[in-house]
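This report concerns only the one structure given below.
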Amino acid sequence: MNTKRRVVITGLGTINPTGNSVAESWEAVKCGKSGVGLITAFDTTDFKVKVAAEVKDFAPETRLEKRELRHMARFTQLALFAAEEAIKDSGLCGGDEFSYSSKVSNSDAARCGVIVSSGIGGLEVTAAQLDRASKMGFDKVNPFYVPMAISNMAAARIAIQHGFKGMCSCPVTACAGGSNAIGDSFFRIRDGYEDVMICGGTESCITPLGIAGFQNMKALSETTDPERASIPFDKDRNGFVMGEGSGILVLEEYRHAVSRNAHIYAEIVGYGSNCDAFHITSPSPDGEGGAACMELALKDAGLRAEDIDYINTHGTSTSLNDKYETAAIKKVFGKHAYELCVSSTKSMTGHLLGGAGGVEAVFSIKALEDDFVPPTASLRETDPEMDLNYVPGKGVSRKLNYVLSNSLGFGGHNACLIFKKA
(Lines give C-alpha, C1' and ligand atoms only; values in the text may rest on other atoms or scores of the structure.)
Protein backbone atom coordinates (compact mmCIF):
# COMPACT_ATOMS: atom_id res chain seq x y z
CA MET A 1 0.00 0.00 0.00
CA ASN A 2 1.36 3.42 -0.98
CA THR A 3 1.45 5.63 2.10
CA LYS A 4 3.32 8.52 0.53
CA ARG A 5 1.57 11.83 1.12
CA ARG A 6 0.69 14.36 -1.57
CA VAL A 7 2.57 17.66 -1.56
CA VAL A 8 1.27 20.95 -2.96
CA ILE A 9 2.54 24.49 -3.38
CA THR A 10 0.57 27.12 -1.45
CA GLY A 11 2.90 30.13 -1.51
CA LEU A 12 5.30 31.78 -3.97
CA GLY A 13 7.87 34.51 -3.53
CA THR A 14 10.68 35.91 -5.64
CA ILE A 15 12.99 38.82 -6.19
CA ASN A 16 15.19 38.58 -9.27
CA PRO A 17 16.50 40.74 -12.12
CA THR A 18 13.10 40.80 -13.86
CA GLY A 19 11.08 42.01 -10.86
CA ASN A 20 10.77 42.37 -7.11
CA SER A 21 7.64 40.24 -6.67
CA VAL A 22 6.05 37.21 -8.29
CA ALA A 23 3.48 39.30 -10.17
CA GLU A 24 6.01 41.83 -11.47
CA SER A 25 8.57 39.21 -12.43
CA TRP A 26 6.15 36.81 -14.11
CA GLU A 27 4.61 39.61 -16.17
CA ALA A 28 8.08 40.64 -17.38
CA VAL A 29 9.04 37.06 -18.20
CA LYS A 30 5.80 36.43 -20.09
CA CYS A 31 6.61 39.49 -22.20
CA GLY A 32 10.21 38.39 -22.79
CA LYS A 33 11.63 41.37 -20.91
CA SER A 34 15.25 40.83 -19.90
CA GLY A 35 16.85 41.95 -16.64
CA VAL A 36 20.38 41.84 -18.10
CA GLY A 37 22.32 45.10 -18.24
CA LEU A 38 25.68 46.73 -17.67
CA ILE A 39 27.10 46.11 -14.20
CA THR A 40 26.42 48.95 -11.75
CA ALA A 41 27.51 47.20 -8.53
CA PHE A 42 31.17 48.08 -9.06
CA ASP A 43 33.57 49.68 -11.55
CA THR A 44 34.28 47.18 -14.35
CA THR A 45 37.09 49.18 -15.99
CA ASP A 46 39.64 46.45 -15.28
CA PHE A 47 37.27 43.58 -16.13
CA LYS A 48 36.59 41.84 -19.43
CA VAL A 49 33.04 41.10 -18.24
CA LYS A 50 30.78 44.16 -18.34
CA VAL A 51 27.25 42.76 -18.03
CA ALA A 52 25.23 40.99 -15.35
CA ALA A 53 21.62 40.59 -14.30
CA GLU A 54 21.23 42.68 -11.14
CA VAL A 55 18.23 43.08 -8.86
CA LYS A 56 16.92 46.62 -9.26
CA ASP A 57 15.57 49.06 -6.66
CA PHE A 58 15.97 46.60 -3.80
CA ALA A 59 14.61 48.11 -0.59
CA PRO A 60 14.83 45.35 2.05
CA GLU A 61 13.78 47.72 4.84
CA THR A 62 10.22 47.63 3.46
CA ARG A 63 9.92 44.05 4.77
CA LEU A 64 12.82 43.56 7.16
CA GLU A 65 13.94 45.32 10.32
CA LYS A 66 16.66 47.91 9.68
CA ARG A 67 18.67 46.99 12.78
CA GLU A 68 18.84 43.36 11.63
CA LEU A 69 19.80 44.22 8.05
CA ARG A 70 23.22 45.44 9.19
CA HIS A 71 24.04 41.88 10.22
CA MET A 72 22.85 40.14 7.03
CA ALA A 73 24.70 39.53 3.79
CA ARG A 74 22.82 40.44 0.63
CA PHE A 75 22.02 36.79 -0.25
CA THR A 76 20.22 36.43 3.09
CA GLN A 77 18.36 39.71 2.64
CA LEU A 78 17.14 38.56 -0.77
CA ALA A 79 15.99 35.19 0.61
CA LEU A 80 14.12 36.74 3.52
CA PHE A 81 12.51 39.27 1.18
CA ALA A 82 11.22 36.48 -1.11
CA ALA A 83 10.25 34.26 1.84
CA GLU A 84 8.11 36.99 3.34
CA GLU A 85 6.16 37.23 0.09
CA ALA A 86 5.74 33.45 -0.12
CA ILE A 87 4.69 33.00 3.51
CA LYS A 88 2.21 35.87 3.34
CA ASP A 89 0.86 34.46 0.07
CA SER A 90 0.38 31.05 1.69
CA GLY A 91 -1.74 32.35 4.57
CA LEU A 92 0.54 30.79 7.16
CA CYS A 93 1.67 32.68 10.26
CA GLY A 94 -1.43 34.69 10.93
CA GLY A 95 -3.31 34.54 7.65
CA ASP A 96 -4.96 37.92 7.04
CA GLU A 97 -3.28 39.23 10.20
CA PHE A 98 0.20 38.40 8.84
CA SER A 99 3.08 40.66 9.73
CA TYR A 100 6.74 40.24 8.87
CA SER A 101 7.47 39.09 12.41
CA SER A 102 4.52 36.68 12.69
CA LYS A 103 5.36 33.31 14.24
CA VAL A 104 3.83 29.95 13.44
CA SER A 105 1.81 28.54 16.34
CA ASN A 106 3.75 26.56 18.93
CA SER A 107 1.72 23.45 18.18
CA ASP A 108 2.77 23.58 14.51
CA ALA A 109 6.36 24.80 14.88
CA ALA A 110 8.05 21.38 14.94
CA ARG A 111 6.12 20.35 11.81
CA CYS A 112 7.36 23.35 9.77
CA GLY A 113 10.85 23.39 8.29
CA VAL A 114 13.14 25.39 5.99
CA ILE A 115 15.56 24.26 3.28
CA VAL A 116 17.10 27.11 1.30
CA SER A 117 20.22 26.78 -0.83
CA SER A 118 23.04 29.17 -1.59
CA GLY A 119 26.00 28.12 -3.66
CA ILE A 120 28.45 30.76 -2.45
CA GLY A 121 26.92 32.62 0.49
CA GLY A 122 28.14 36.04 1.59
CA LEU A 123 31.03 36.49 -0.83
CA GLU A 124 30.96 40.28 -0.58
CA VAL A 125 31.24 40.05 3.22
CA THR A 126 34.28 37.77 3.00
CA ALA A 127 36.01 40.08 0.53
CA ALA A 128 35.25 43.19 2.59
CA GLN A 129 36.46 41.65 5.84
CA LEU A 130 39.66 40.37 4.28
CA ASP A 131 40.32 43.86 2.95
CA ARG A 132 39.60 45.30 6.40
CA ALA A 133 41.97 42.82 8.05
CA SER A 134 44.77 43.56 5.60
CA LYS A 135 44.48 47.28 6.31
CA MET A 136 43.64 47.34 10.03
CA GLY A 137 44.67 43.97 11.42
CA PHE A 138 42.77 40.74 12.01
CA ASP A 139 41.53 41.88 15.41
CA LYS A 140 39.35 44.37 13.53
CA VAL A 141 37.38 41.71 11.62
CA ASN A 142 33.65 42.15 12.24
CA PRO A 143 32.43 39.74 14.96
CA PHE A 144 29.33 39.19 12.80
CA TYR A 145 31.46 38.12 9.82
CA VAL A 146 30.92 34.36 10.19
CA PRO A 147 27.14 34.39 10.84
CA MET A 148 26.78 36.82 7.94
CA ALA A 149 28.81 34.90 5.37
CA ILE A 150 28.00 31.22 5.92
CA SER A 151 25.66 29.76 3.31
CA ASN A 152 23.11 28.27 5.71
CA MET A 153 22.23 31.62 7.25
CA ALA A 154 19.42 32.40 4.79
CA ALA A 155 17.57 29.24 5.86
CA ALA A 156 18.33 29.92 9.52
CA ARG A 157 17.11 33.51 9.37
CA ILE A 158 13.80 32.46 7.81
CA ALA A 159 13.32 29.83 10.53
CA ILE A 160 14.17 32.31 13.29
CA GLN A 161 11.90 34.99 11.83
CA HIS A 162 8.83 32.76 11.95
CA GLY A 163 9.63 30.12 14.58
CA PHE A 164 9.89 27.11 12.25
CA LYS A 165 11.46 24.34 14.34
CA GLY A 166 11.47 21.42 11.90
CA MET A 167 14.27 20.44 9.54
CA CYS A 168 16.44 23.47 8.66
CA SER A 169 19.19 22.96 6.11
CA CYS A 170 21.12 24.37 3.15
CA PRO A 171 22.16 22.12 0.25
CA VAL A 172 25.34 23.55 -1.30
CA THR A 173 25.29 21.88 -4.70
CA ALA A 174 26.25 24.79 -6.95
CA CYS A 175 23.68 25.53 -9.65
CA ALA A 176 21.51 22.55 -8.65
CA GLY A 177 21.10 23.78 -5.07
CA GLY A 178 17.75 25.57 -5.33
CA SER A 179 16.11 22.56 -6.96
CA ASN A 180 17.73 20.20 -4.45
CA ALA A 181 16.26 22.31 -1.65
CA ILE A 182 12.77 22.02 -3.13
CA GLY A 183 13.11 18.31 -3.89
CA ASP A 184 14.49 17.49 -0.46
CA SER A 185 11.62 19.46 1.10
CA PHE A 186 9.15 17.53 -1.05
CA PHE A 187 10.54 14.25 0.29
CA ARG A 188 10.43 15.52 3.90
CA ILE A 189 6.71 16.21 3.63
CA ARG A 190 5.86 13.20 1.48
CA ASP A 191 7.51 10.87 3.96
CA GLY A 192 5.79 12.44 6.96
CA TYR A 193 8.56 14.35 8.74
CA GLU A 194 7.03 17.82 8.27
CA ASP A 195 3.71 19.22 7.08
CA VAL A 196 5.06 22.54 5.77
CA MET A 197 8.44 23.45 4.23
CA ILE A 198 9.75 26.83 3.13
CA CYS A 199 12.25 26.10 0.37
CA GLY A 200 14.16 27.41 -2.63
CA GLY A 201 17.41 29.21 -3.29
CA THR A 202 19.20 32.53 -3.07
CA GLU A 203 22.42 34.05 -4.39
CA SER A 204 24.23 37.35 -4.70
CA CYS A 205 27.79 37.37 -5.96
CA ILE A 206 27.91 40.14 -8.56
CA THR A 207 31.05 41.38 -6.86
CA PRO A 208 34.61 41.96 -8.10
CA LEU A 209 35.75 38.63 -6.67
CA GLY A 210 32.74 36.70 -7.93
CA ILE A 211 32.90 38.09 -11.45
CA ALA A 212 36.70 37.71 -11.61
CA GLY A 213 36.53 34.06 -10.57
CA PHE A 214 34.01 33.08 -13.22
CA GLN A 215 35.54 35.42 -15.81
CA ASN A 216 39.00 33.92 -15.46
CA MET A 217 37.68 30.39 -15.91
CA LYS A 218 36.08 31.58 -19.16
CA ALA A 219 32.54 30.82 -18.00
CA LEU A 220 31.00 34.30 -18.45
CA SER A 221 29.94 36.14 -21.58
CA GLU A 222 32.29 39.01 -22.39
CA THR A 223 30.00 40.79 -24.83
CA THR A 224 29.19 44.42 -24.04
CA ASP A 225 25.71 44.17 -25.60
CA PRO A 226 23.19 43.16 -22.89
CA GLU A 227 20.75 41.94 -25.54
CA ARG A 228 23.28 39.41 -26.87
CA ALA A 229 24.80 38.29 -23.59
CA SER A 230 22.46 35.66 -22.12
CA ILE A 231 21.42 33.79 -25.28
CA PRO A 232 20.76 30.12 -24.42
CA PHE A 233 20.75 27.69 -27.35
CA ASP A 234 21.86 30.42 -29.76
CA LYS A 235 24.71 29.56 -32.12
CA ASP A 236 26.51 32.73 -30.96
CA ARG A 237 26.31 31.93 -27.23
CA ASN A 238 29.62 32.56 -25.48
CA GLY A 239 29.10 32.13 -21.75
CA PHE A 240 26.54 32.74 -19.04
CA VAL A 241 25.53 36.01 -17.43
CA MET A 242 25.76 36.26 -13.65
CA GLY A 243 22.41 36.90 -11.99
CA GLU A 244 21.25 37.41 -8.43
CA GLY A 245 18.05 37.01 -6.46
CA SER A 246 15.90 34.45 -4.72
CA GLY A 247 12.95 32.17 -5.37
CA ILE A 248 11.03 30.66 -2.45
CA LEU A 249 8.12 28.20 -2.32
CA VAL A 250 5.83 27.11 0.48
CA LEU A 251 5.26 23.36 0.19
CA GLU A 252 2.48 21.79 2.19
CA GLU A 253 0.94 18.38 2.74
CA TYR A 254 -2.26 18.26 0.69
CA ARG A 255 -4.75 17.58 3.49
CA HIS A 256 -3.06 20.16 5.70
CA ALA A 257 -3.54 22.75 2.95
CA VAL A 258 -7.15 21.76 2.31
CA SER A 259 -7.99 21.86 6.03
CA ARG A 260 -7.14 25.56 6.17
CA ASN A 261 -8.66 26.34 2.75
CA ALA A 262 -5.29 27.40 1.31
CA HIS A 263 -4.92 28.35 -2.33
CA ILE A 264 -3.12 25.53 -4.16
CA TYR A 265 -0.97 26.64 -7.10
CA ALA A 266 0.22 23.22 -8.20
CA GLU A 267 1.33 19.83 -6.95
CA ILE A 268 4.92 18.58 -6.89
CA VAL A 269 4.98 14.96 -7.99
CA GLY A 270 8.55 14.02 -8.98
CA TYR A 271 12.15 14.64 -7.97
CA GLY A 272 15.40 13.23 -9.28
CA SER A 273 18.92 13.95 -8.04
CA ASN A 274 22.23 12.40 -9.06
CA CYS A 275 25.84 13.15 -10.00
CA ASP A 276 27.71 12.96 -13.31
CA ALA A 277 30.89 11.88 -11.45
CA PHE A 278 32.76 13.18 -14.49
CA HIS A 279 34.37 16.63 -14.14
CA ILE A 280 34.44 19.61 -11.78
CA THR A 281 32.89 22.03 -14.31
CA SER A 282 32.00 20.20 -17.55
CA PRO A 283 28.80 18.16 -17.88
CA SER A 284 29.23 14.52 -18.84
CA PRO A 285 29.36 13.79 -22.60
CA ASP A 286 25.99 13.94 -24.34
CA GLY A 287 24.33 14.89 -21.05
CA GLU A 288 24.31 11.36 -19.64
CA GLY A 289 23.95 12.53 -16.03
CA GLY A 290 21.21 15.02 -16.82
CA ALA A 291 19.33 12.41 -18.83
CA ALA A 292 19.54 9.90 -15.99
CA CYS A 293 18.31 12.55 -13.56
CA MET A 294 15.24 13.35 -15.67
CA GLU A 295 14.50 9.63 -15.85
CA LEU A 296 14.73 9.42 -12.05
CA ALA A 297 12.22 12.26 -11.71
CA LEU A 298 9.82 10.63 -14.18
CA LYS A 299 10.07 7.31 -12.35
CA ASP A 300 9.50 9.00 -9.00
CA ALA A 301 6.37 10.69 -10.37
CA GLY A 302 5.11 7.50 -12.03
CA LEU A 303 4.91 9.31 -15.37
CA ARG A 304 5.80 8.53 -18.97
CA ALA A 305 8.05 10.88 -20.91
CA GLU A 306 5.04 11.70 -23.10
CA ASP A 307 3.20 13.18 -20.11
CA ILE A 308 5.57 16.19 -19.88
CA ASP A 309 4.35 19.28 -21.75
CA TYR A 310 7.11 21.81 -21.05
CA ILE A 311 10.70 21.78 -19.78
CA ASN A 312 12.16 24.83 -18.07
CA THR A 313 15.73 23.98 -18.98
CA HIS A 314 18.97 24.71 -17.16
CA GLY A 315 19.85 26.55 -20.40
CA THR A 316 22.85 28.58 -19.27
CA SER A 317 24.06 30.01 -22.62
CA THR A 318 27.35 28.11 -22.41
CA SER A 319 28.56 26.01 -25.30
CA LEU A 320 28.65 22.64 -23.56
CA ASN A 321 25.59 22.94 -21.30
CA ASP A 322 23.14 23.86 -24.05
CA LYS A 323 24.49 21.24 -26.44
CA TYR A 324 24.51 18.42 -23.89
CA GLU A 325 21.19 19.36 -22.28
CA THR A 326 19.58 19.21 -25.71
CA ALA A 327 21.13 15.77 -26.24
CA ALA A 328 19.88 14.65 -22.82
CA ILE A 329 16.33 15.77 -23.60
CA LYS A 330 16.38 13.87 -26.91
CA LYS A 331 17.69 10.75 -25.17
CA VAL A 332 14.95 10.76 -22.53
CA PHE A 333 11.99 11.96 -24.59
CA GLY A 334 12.71 10.51 -28.01
CA LYS A 335 10.18 11.63 -30.63
CA HIS A 336 8.24 13.48 -27.93
CA ALA A 337 11.20 15.85 -27.56
CA TYR A 338 10.06 17.53 -30.77
CA GLU A 339 6.52 18.00 -29.43
CA LEU A 340 7.69 19.62 -26.18
CA CYS A 341 8.18 23.29 -25.50
CA VAL A 342 11.73 23.72 -24.19
CA SER A 343 12.78 27.19 -23.04
CA SER A 344 15.31 28.92 -20.80
CA THR A 345 14.19 31.77 -18.57
CA LYS A 346 17.88 32.45 -17.88
CA SER A 347 17.70 34.42 -21.12
CA MET A 348 15.97 37.06 -18.96
CA THR A 349 17.25 36.48 -15.41
CA GLY A 350 20.81 35.45 -16.11
CA HIS A 351 22.16 32.57 -14.05
CA LEU A 352 21.43 32.80 -10.31
CA LEU A 353 23.64 29.82 -9.41
CA GLY A 354 22.21 28.43 -6.13
CA GLY A 355 19.17 30.67 -6.54
CA ALA A 356 18.34 29.51 -10.07
CA GLY A 357 16.27 26.44 -9.19
CA GLY A 358 14.05 28.41 -6.81
CA VAL A 359 13.28 31.18 -9.29
CA GLU A 360 12.74 28.73 -12.14
CA ALA A 361 10.38 26.69 -9.98
CA VAL A 362 8.29 29.83 -9.47
CA PHE A 363 8.19 30.34 -13.25
CA SER A 364 7.34 26.68 -13.87
CA ILE A 365 4.42 26.85 -11.45
CA LYS A 366 3.12 30.11 -12.94
CA ALA A 367 3.41 28.55 -16.40
CA LEU A 368 1.12 25.72 -15.23
CA GLU A 369 -1.30 28.15 -13.64
CA ASP A 370 -1.56 30.37 -16.73
CA ASP A 371 -1.13 27.68 -19.41
CA PHE A 372 1.66 29.80 -20.80
CA VAL A 373 5.21 28.86 -21.85
CA PRO A 374 7.75 31.66 -21.30
CA PRO A 375 10.23 32.28 -24.11
CA THR A 376 13.94 31.95 -24.62
CA ALA A 377 13.77 35.66 -25.17
CA SER A 378 17.10 36.34 -26.85
CA LEU A 379 17.31 33.32 -29.15
CA ARG A 380 17.79 34.10 -32.84
CA GLU A 381 19.44 31.11 -34.52
CA THR A 382 20.48 27.71 -33.16
CA ASP A 383 23.25 25.31 -34.09
CA PRO A 384 22.15 22.56 -36.51
CA GLU A 385 22.12 19.81 -33.85
CA MET A 386 19.97 21.93 -31.52
CA ASP A 387 16.65 21.54 -33.28
CA LEU A 388 14.03 21.49 -30.52
CA ASN A 389 11.26 24.04 -29.93
CA TYR A 390 13.11 26.50 -27.69
CA VAL A 391 10.22 29.03 -27.88
CA PRO A 392 12.39 31.80 -29.36
CA GLY A 393 11.55 35.46 -28.81
CA LYS A 394 7.92 35.26 -27.67
CA GLY A 395 6.12 33.04 -25.20
CA VAL A 396 3.15 30.91 -26.27
CA SER A 397 -0.18 29.91 -24.77
CA ARG A 398 -0.39 26.14 -24.43
CA LYS A 399 -2.37 23.71 -22.31
CA LEU A 400 0.01 22.44 -19.63
CA ASN A 401 -0.52 19.55 -17.22
CA TYR A 402 3.06 18.64 -16.27
CA VAL A 403 6.17 20.82 -16.25
CA LEU A 404 9.72 19.60 -15.63
CA SER A 405 12.47 21.94 -14.38
CA ASN A 406 16.17 21.09 -14.82
CA SER A 407 19.12 22.29 -12.71
CA LEU A 408 22.63 21.07 -13.54
CA GLY A 409 25.58 22.27 -11.45
CA PHE A 410 29.36 22.40 -11.29
CA GLY A 411 30.72 19.20 -9.78
CA GLY A 412 28.22 17.18 -11.80
CA HIS A 413 25.28 17.84 -9.46
CA ASN A 414 21.91 17.36 -11.18
CA ALA A 415 18.39 17.97 -9.88
CA CYS A 416 15.06 17.68 -11.69
CA LEU A 417 11.59 18.61 -10.42
CA ILE A 418 8.18 17.78 -11.89
CA PHE A 419 5.13 19.92 -11.16
CA LYS A 420 1.50 19.03 -11.91
CA LYS A 421 -1.40 21.37 -12.53
CA ALA A 422 -3.53 21.83 -9.41
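Every chain in the C-alpha coordinates takes a letter, A first, then B, and so on in the order presented; its residues are numbered from 1, and the ligands are numbered from 1 following the presented order.
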**OP:** Enumerate, as a count of residues only, the complete set of residues in stretch 174-365 of chain A that a backbone-based DSSP assignment places in alpha helix (DSSP H).
**Re:** 72
As a tab-separated table (two decimals) with N, CA and C atoms, in the first residue's frame, please: all residues of stretch 104-316 of chain A that backbone DSSP puts in strand (DSSP E or B).
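Okay, states_1.tsv is ready:
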```tsv
chain	number	residue	atom	x	y	z
A	112	CYS	N	7.04	22.39	10.83
A	112	CYS	CA	7.36	23.35	9.77
A	112	CYS	C	8.86	23.50	9.66
A	113	GLY	N	9.41	23.33	8.47
A	113	GLY	CA	10.85	23.39	8.29
A	113	GLY	C	11.26	24.33	7.18
A	114	VAL	N	12.58	24.49	7.00
A	114	VAL	CA	13.14	25.39	5.99
A	114	VAL	C	14.35	24.72	5.34
A	115	ILE	N	14.36	24.66	4.02
A	115	ILE	CA	15.56	24.26	3.28
A	115	ILE	C	15.77	25.27	2.16
A	116	VAL	N	16.80	26.08	2.29
A	116	VAL	CA	17.10	27.11	1.30
A	116	VAL	C	18.58	27.03	0.94
A	117	SER	N	18.85	26.94	-0.34
A	117	SER	CA	20.22	26.78	-0.83
A	117	SER	C	20.88	28.11	-1.16
A	168	CYS	N	15.94	22.20	9.21
A	168	CYS	CA	16.44	23.47	8.66
A	168	CYS	C	17.81	23.20	8.09
A	169	SER	N	17.96	23.38	6.77
A	169	SER	CA	19.19	22.96	6.11
A	169	SER	C	19.46	23.81	4.88
A	196	VAL	N	4.81	21.31	6.52
A	196	VAL	CA	5.06	22.54	5.77
A	196	VAL	C	6.57	22.72	5.64
A	197	MET	N	7.02	23.11	4.44
A	197	MET	CA	8.44	23.45	4.23
A	197	MET	C	8.54	24.74	3.42
A	198	ILE	N	9.39	25.64	3.89
A	198	ILE	CA	9.75	26.83	3.13
A	198	ILE	C	11.05	26.48	2.41
A	199	CYS	N	11.09	26.63	1.09
A	199	CYS	CA	12.25	26.10	0.37
A	199	CYS	C	12.53	26.88	-0.91
A	200	GLY	N	13.76	26.75	-1.40
A	200	GLY	CA	14.16	27.41	-2.63
A	200	GLY	C	15.64	27.74	-2.60
A	201	GLY	N	16.01	28.84	-3.22
A	201	GLY	CA	17.41	29.21	-3.29
A	201	GLY	C	17.61	30.69	-3.34
A	202	THR	N	18.86	31.10	-3.08
A	202	THR	CA	19.20	32.53	-3.07
A	202	THR	C	20.67	32.69	-3.42
A	203	GLU	N	21.01	33.80	-4.04
A	203	GLU	CA	22.42	34.05	-4.39
A	203	GLU	C	22.63	35.53	-4.68
A	220	LEU	N	31.93	33.19	-18.26
A	220	LEU	CA	31.00	34.30	-18.45
A	220	LEU	C	31.10	34.91	-19.86
A	240	PHE	N	27.74	32.32	-19.77
A	240	PHE	CA	26.54	32.74	-19.04
A	240	PHE	C	26.70	34.14	-18.47
A	242	MET	N	26.00	36.39	-15.08
A	242	MET	CA	25.76	36.26	-13.65
A	242	MET	C	24.48	36.99	-13.25
A	243	GLY	N	23.62	36.29	-12.53
A	243	GLY	CA	22.41	36.90	-11.99
A	243	GLY	C	22.40	36.84	-10.48
A	245	GLY	N	19.44	37.00	-6.88
A	245	GLY	CA	18.05	37.01	-6.46
A	245	GLY	C	17.69	35.77	-5.68
A	246	SER	N	16.39	35.57	-5.51
A	246	SER	CA	15.90	34.45	-4.72
A	246	SER	C	14.53	34.01	-5.20
A	247	GLY	N	14.27	32.72	-5.12
A	247	GLY	CA	12.95	32.17	-5.37
A	247	GLY	C	12.59	31.22	-4.26
A	248	ILE	N	11.43	31.43	-3.63
A	248	ILE	CA	11.03	30.66	-2.45
A	248	ILE	C	9.61	30.11	-2.65
A	249	LEU	N	9.43	28.84	-2.29
A	249	LEU	CA	8.12	28.20	-2.32
A	249	LEU	C	7.69	27.80	-0.92
A	250	VAL	N	6.39	27.77	-0.70
A	250	VAL	CA	5.83	27.11	0.48
A	250	VAL	C	5.22	25.80	0.01
A	251	LEU	N	5.81	24.69	0.47
A	251	LEU	CA	5.26	23.36	0.19
A	251	LEU	C	4.45	22.91	1.39
A	252	GLU	N	3.38	22.17	1.10
A	252	GLU	CA	2.48	21.79	2.19
A	252	GLU	C	1.84	20.43	1.88
A	253	GLU	N	1.66	19.64	2.91
A	253	GLU	CA	0.94	18.38	2.74
A	253	GLU	C	-0.50	18.69	2.31
A	266	ALA	N	-0.15	24.40	-7.43
A	266	ALA	CA	0.22	23.22	-8.20
A	266	ALA	C	0.60	22.12	-7.22
A	267	GLU	N	0.86	20.95	-7.76
A	267	GLU	CA	1.33	19.83	-6.95
A	267	GLU	C	2.73	19.45	-7.43
A	268	ILE	N	3.61	19.10	-6.51
A	268	ILE	CA	4.92	18.58	-6.89
A	268	ILE	C	4.84	17.07	-6.81
A	269	VAL	N	5.22	16.40	-7.91
A	269	VAL	CA	4.98	14.96	-7.99
A	269	VAL	C	6.24	14.14	-8.25
A	270	GLY	N	7.36	14.79	-8.66
A	270	GLY	CA	8.55	14.02	-8.98
A	270	GLY	C	9.82	14.78	-8.70
A	271	TYR	N	10.84	14.05	-8.28
A	271	TYR	CA	12.15	14.64	-7.97
A	271	TYR	C	13.23	13.62	-8.28
A	272	GLY	N	14.23	14.06	-9.03
A	272	GLY	CA	15.40	13.23	-9.28
A	272	GLY	C	16.65	14.00	-8.93
A	273	SER	N	17.64	13.32	-8.38
A	273	SER	CA	18.92	13.95	-8.04
A	273	SER	C	20.03	12.92	-8.20
A	274	ASN	N	21.11	13.31	-8.88
A	274	ASN	CA	22.23	12.40	-9.06
A	274	ASN	C	23.51	13.20	-9.35
A	275	CYS	N	24.56	12.50	-9.71
A	275	CYS	CA	25.84	13.15	-10.00
A	275	CYS	C	26.45	12.56	-11.26
A	310	TYR	N	6.16	20.70	-20.95
A	310	TYR	CA	7.11	21.81	-21.05
A	310	TYR	C	8.29	21.54	-20.14
A	311	ILE	N	9.49	21.86	-20.60
A	311	ILE	CA	10.70	21.78	-19.78
A	311	ILE	C	11.29	23.17	-19.63
A	312	ASN	N	11.38	23.62	-18.36
A	312	ASN	CA	12.16	24.83	-18.07
A	312	ASN	C	13.60	24.34	-17.92
```
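With atom CA of A:Phe42 on one side and atom CA of A:Phe75 on the other, the separation reads 17.0 Å.
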Subject >> Residues within 6 Å of stretch 338-355 of chain A, only C-alpha atoms, excluding chain neighbours under 6 positions, as an MDAnalysis selection string >> reply: chainID A and resid 17 34:35 53 117:119 174:175 177:178 201:203 230:231 241:244 246 309:313 315 375:377 388:391
